[in-house]
Amino acid sequence: MVNKNEISLFNIKRIKLSKRGVGYYSYRLYNSLLKNDRINVSKVSLIDEGKISRFPLLYHLEIPFLIPNNVDLYHALSPIEALRLDKDRTVVTIHDLIMLRDTRQLYNDHNTLVKFVLKTNFAYALTKAIMSKKIIVDSEQTKMDLYDYFGGDKIDLGSIDVVRPIISSKFQPINIKNRDENIFVIGTLCGLGRHKRVDILINSFIKANIPNSKLLIAGRGPEMNRLIKLANGQDNIVFMGFIPDEDINQWYNSLDVFVFPSIEEGYGMPIIEAMATGCPVVTLDDSHIPKDIKNHTHVSNDLAYDLKNKKWLDSFDIKSNLDFVKQHSAKKISNQMIDIYNQI
C-alpha cells in the first residue's frame, strides 16, 4: 500500500501548464490529487528545476538527476517519463498509440527523418513503459490498441486500468440571455493545424448553404490564413481566435452543434467539453477517435447533408452524454487513481 506522504507525480513535459494534451492531463490530475486528503503528492518537473533540454528527444536523460528516493511510488505521465524510473515502483499513463501510426503524420509538417526519430523513440519508450507495475490508459480503445500491439504474451489486459482524463467543472449547461434562437450556430474549437481538417467543415458549411446560419471557428494555428481564404469573405463564417478560459463555457453554450473533424485524436477533450454543456457533437466517419468517445457523437459520412438536414438532432441522446461526462470529474478520478496506487 502507498504511504500517504510518499508519491511523486512526474510531469516532465515542456508544456507545464498546457490546457491541451498531456499537459492538460497532468495539470488536472496533479491538482485533483493535491485536494484529496487520502494522499500527499509531489511534482517532479524539469520546467520547475530550470533544466529543460534544448533537444526534446533527449530530455528524459535528465530524469535521474531529479528522481526523489524517499517515495513509495512514481507515476509517469507518459511513456517517455517512465524510461528511467524503477519499474517496481512505477505507474505509467499511456494516452494513445498515435505516434506508431501514419494517419496523423500525413497531416503534420515534420520531415520524414523527424517522423522516423519520433516514432522510434516513442516505440522504444513504450516497450519499457509496459514493464511498469501498473498501466493506465484513458479510453477502452487505447487499452485494446495497446493489447493488440504487444500481444498477450507481453502484456496482460488485467494490468491495464482505464481512467478518464479530468474535465473542469466549469463546463456545464447554461441559459444565454438575448441569444437569437432563429440562427443555427455551428462551431468548432481546436488548434488550426492540418490534421484538424477545419477545411472540410468550412467547405461543408458553404455547400450546405443553411438559411440563417453561422459557423464559429475558435482557435489559432498555422492553417488560419489558408482557412480564411477558403471562407472567401462569407460574413456568416467567423474566425474567433483564442477563447479565454473565462469565456469558453459560454461559447460552447452558444452553439447548436459542435463539429470536431480532426483526422485523429488520442482522446478529443473538446468533444467532452462540448458534451458537458449539453451541446450535440458531430465527428466524421473516417476520424480515428477512441470508439468509447466517438459513440457519444453523431458520426457523419456527409457533413454538408447532416448540417442542413438536422434530422439526427431529434434522436441525439444528450442525457447519455451528460452521464458520460460525470466519469471525468476530478473527485472521481483522484479516488480512482489512489485506489490503483494502493494495489501496488
# chains A, B, ... in the order shown; residues from 1 in each chain; ligands from 1

$ closest_atom_pairs --of "stretch 93-203 of chain A" --to "stretch 299-304 of chain A" --cutoff "12 Å" --atoms "only C-alpha atoms" --output "JSON lines"
{"residue": "A:Ile186", "atom": "CA", "partner": "A:Leu303", "partner_atom": "CA", "distance": 11.8}
{"residue": "A:Val198", "atom": "CA", "partner": "A:Leu303", "partner_atom": "CA", "distance": 12.0}
{"residue": "A:Asp199", "atom": "CA", "partner": "A:Leu303", "partner_atom": "CA", "distance": 11.9}
{"residue": "A:Ile200", "atom": "CA", "partner": "A:Leu303", "partner_atom": "CA", "distance": 8.4}
{"residue": "A:Leu201", "atom": "CA", "partner": "A:Leu303", "partner_atom": "CA", "distance": 7.5}
{"residue": "A:Ile202", "atom": "CA", "partner": "A:Ala304", "partner_atom": "CA", "distance": 9.5}
{"residue": "A:Asn203", "atom": "CA", "partner": "A:Ala304", "partner_atom": "CA", "distance": 8.1}

$ write_last_selection --atoms "N, CA and C atoms" --output "PDB file, in the first residue's frame"
ATOM      1  N   ILE A 186     -23.190  26.756 -35.661  1.00  0.00           N
ATOM      2  CA  ILE A 186     -22.283  25.611 -35.701  1.00  0.00           C
ATOM      3  C   ILE A 186     -20.915  26.105 -35.265  1.00  0.00           C
ATOM      4  N   VAL A 198     -10.217  21.522 -40.506  1.00  0.00           N
ATOM      5  CA  VAL A 198     -11.272  22.531 -40.457  1.00  0.00           C
ATOM      6  C   VAL A 198     -11.705  22.919 -41.870  1.00  0.00           C
ATOM      7  N   ASP A 199     -10.841  22.692 -42.849  1.00  0.00           N
ATOM      8  CA  ASP A 199     -11.220  22.978 -44.239  1.00  0.00           C
ATOM      9  C   ASP A 199     -12.432  22.144 -44.664  1.00  0.00           C
ATOM     10  N   ILE A 200     -12.525  20.907 -44.195  1.00  0.00           N
ATOM     11  CA  ILE A 200     -13.693  20.072 -44.513  1.00  0.00           C
ATOM     12  C   ILE A 200     -14.960  20.706 -43.950  1.00  0.00           C
ATOM     13  N   LEU A 201     -14.875  21.216 -42.737  1.00  0.00           N
ATOM     14  CA  LEU A 201     -16.031  21.853 -42.109  1.00  0.00           C
ATOM     15  C   LEU A 201     -16.456  23.101 -42.879  1.00  0.00           C
ATOM     16  N   ILE A 202     -15.477  23.926 -43.255  1.00  0.00           N
ATOM     17  CA  ILE A 202     -15.803  25.151 -43.993  1.00  0.00           C
ATOM     18  C   ILE A 202     -16.461  24.816 -45.333  1.00  0.00           C
ATOM     19  N   ASN A 203     -15.857  23.888 -46.073  1.00  0.00           N
ATOM     20  CA  ASN A 203     -16.412  23.507 -47.378  1.00  0.00           C
ATOM     21  C   ASN A 203     -17.824  22.921 -47.236  1.00  0.00           C
TER      22      ASN A 203
END

$ residues_around --residues "A:Pro222" --least-positions-apart "4" --cutoff "9 Å" --atoms "only C-alpha atoms" --output "ChimeraX atom specification"
/A:191-194,226

$ atom_distance --atom1 "atom CA of A:Asn212" --atom2 "atom CA of A:Asp317"
25.0 Å

$ residues_around --residues "A:Ser320" --least-positions-apart "5" --cutoff "10 Å" --atoms "only C-alpha atoms" --output "number ranges by chain"
A: 275, 278, 296, 325

$ write_last_selection --atoms "N, CA and C atoms" --output "CSV table (one decimal), in the first residue's frame"
chain,number,residue,atom,x,y,z
A,275,MET,N,-19.9,18.2,-24.8
A,275,MET,CA,-20.9,17.3,-24.2
A,275,MET,C,-21.3,17.8,-22.9
A,278,GLY,N,-24.1,20.2,-22.8
A,278,GLY,CA,-25.3,19.7,-23.5
A,278,GLY,C,-25.4,19.9,-24.9
A,296,HIS,N,-20.5,8.5,-28.6
A,296,HIS,CA,-21.4,9.6,-28.0
A,296,HIS,C,-21.6,10.7,-28.9
A,325,VAL,N,-20.0,12.3,-19.1
A,325,VAL,CA,-19.2,13.4,-18.7
A,325,VAL,C,-18.8,13.2,-17.2

$ residues_around --residues "A:Lys87" --least-positions-apart "5" --cutoff "9 Å" --atoms "only C-alpha atoms" --output "PyMOL selection string"
chain A and resi 74+82+128-129+131-133

$ select_by_dssp --residues "stretch 104-343 of chain A" --states "helix (DSSP H, G or I)" --output "NGL selection string"
:A and (104-107 or 112-129 or 140-150 or 157-159 or 194-196 or 198-208 or 224-231 or 245-253 or 269-276 or 291-294 or 303-309 or 311-315 or 318-328 or 330-341)

$ residues_around --residues "A:Pro280" --least-positions-apart "2" --cutoff "8 Å" --atoms "only C-alpha atoms" --output "PDB file with C-alpha atoms, in the first residue's frame"
ATOM      1  CA  ASP A 256     -26.465  24.425 -31.616  1.00  0.00           C
ATOM      2  CA  VAL A 257     -23.922  21.879 -32.878  1.00  0.00           C
ATOM      3  CA  PHE A 258     -20.227  21.321 -32.182  1.00  0.00           C
ATOM      4  CA  ALA A 274     -18.979  20.345 -25.580  1.00  0.00           C
ATOM      5  CA  MET A 275     -20.874  17.299 -24.244  1.00  0.00           C
ATOM      6  CA  GLY A 278     -25.334  19.681 -23.454  1.00  0.00           C
ATOM      7  CA  VAL A 282     -20.515  15.646 -34.740  1.00  0.00           C
ATOM      8  CA  THR A 297     -21.270  11.699 -31.117  1.00  0.00           C
ATOM      9  CA  HIS A 298     -23.196  11.765 -34.363  1.00  0.00           C
ATOM     10  CA  LEU A 313     -30.691  16.008 -33.809  1.00  0.00           C
ATOM     11  CA  PHE A 316     -29.437  12.725 -30.202  1.00  0.00           C
ATOM     12  CA  ILE A 318     -27.940  14.496 -24.573  1.00  0.00           C
TER      13      ILE A 318
END
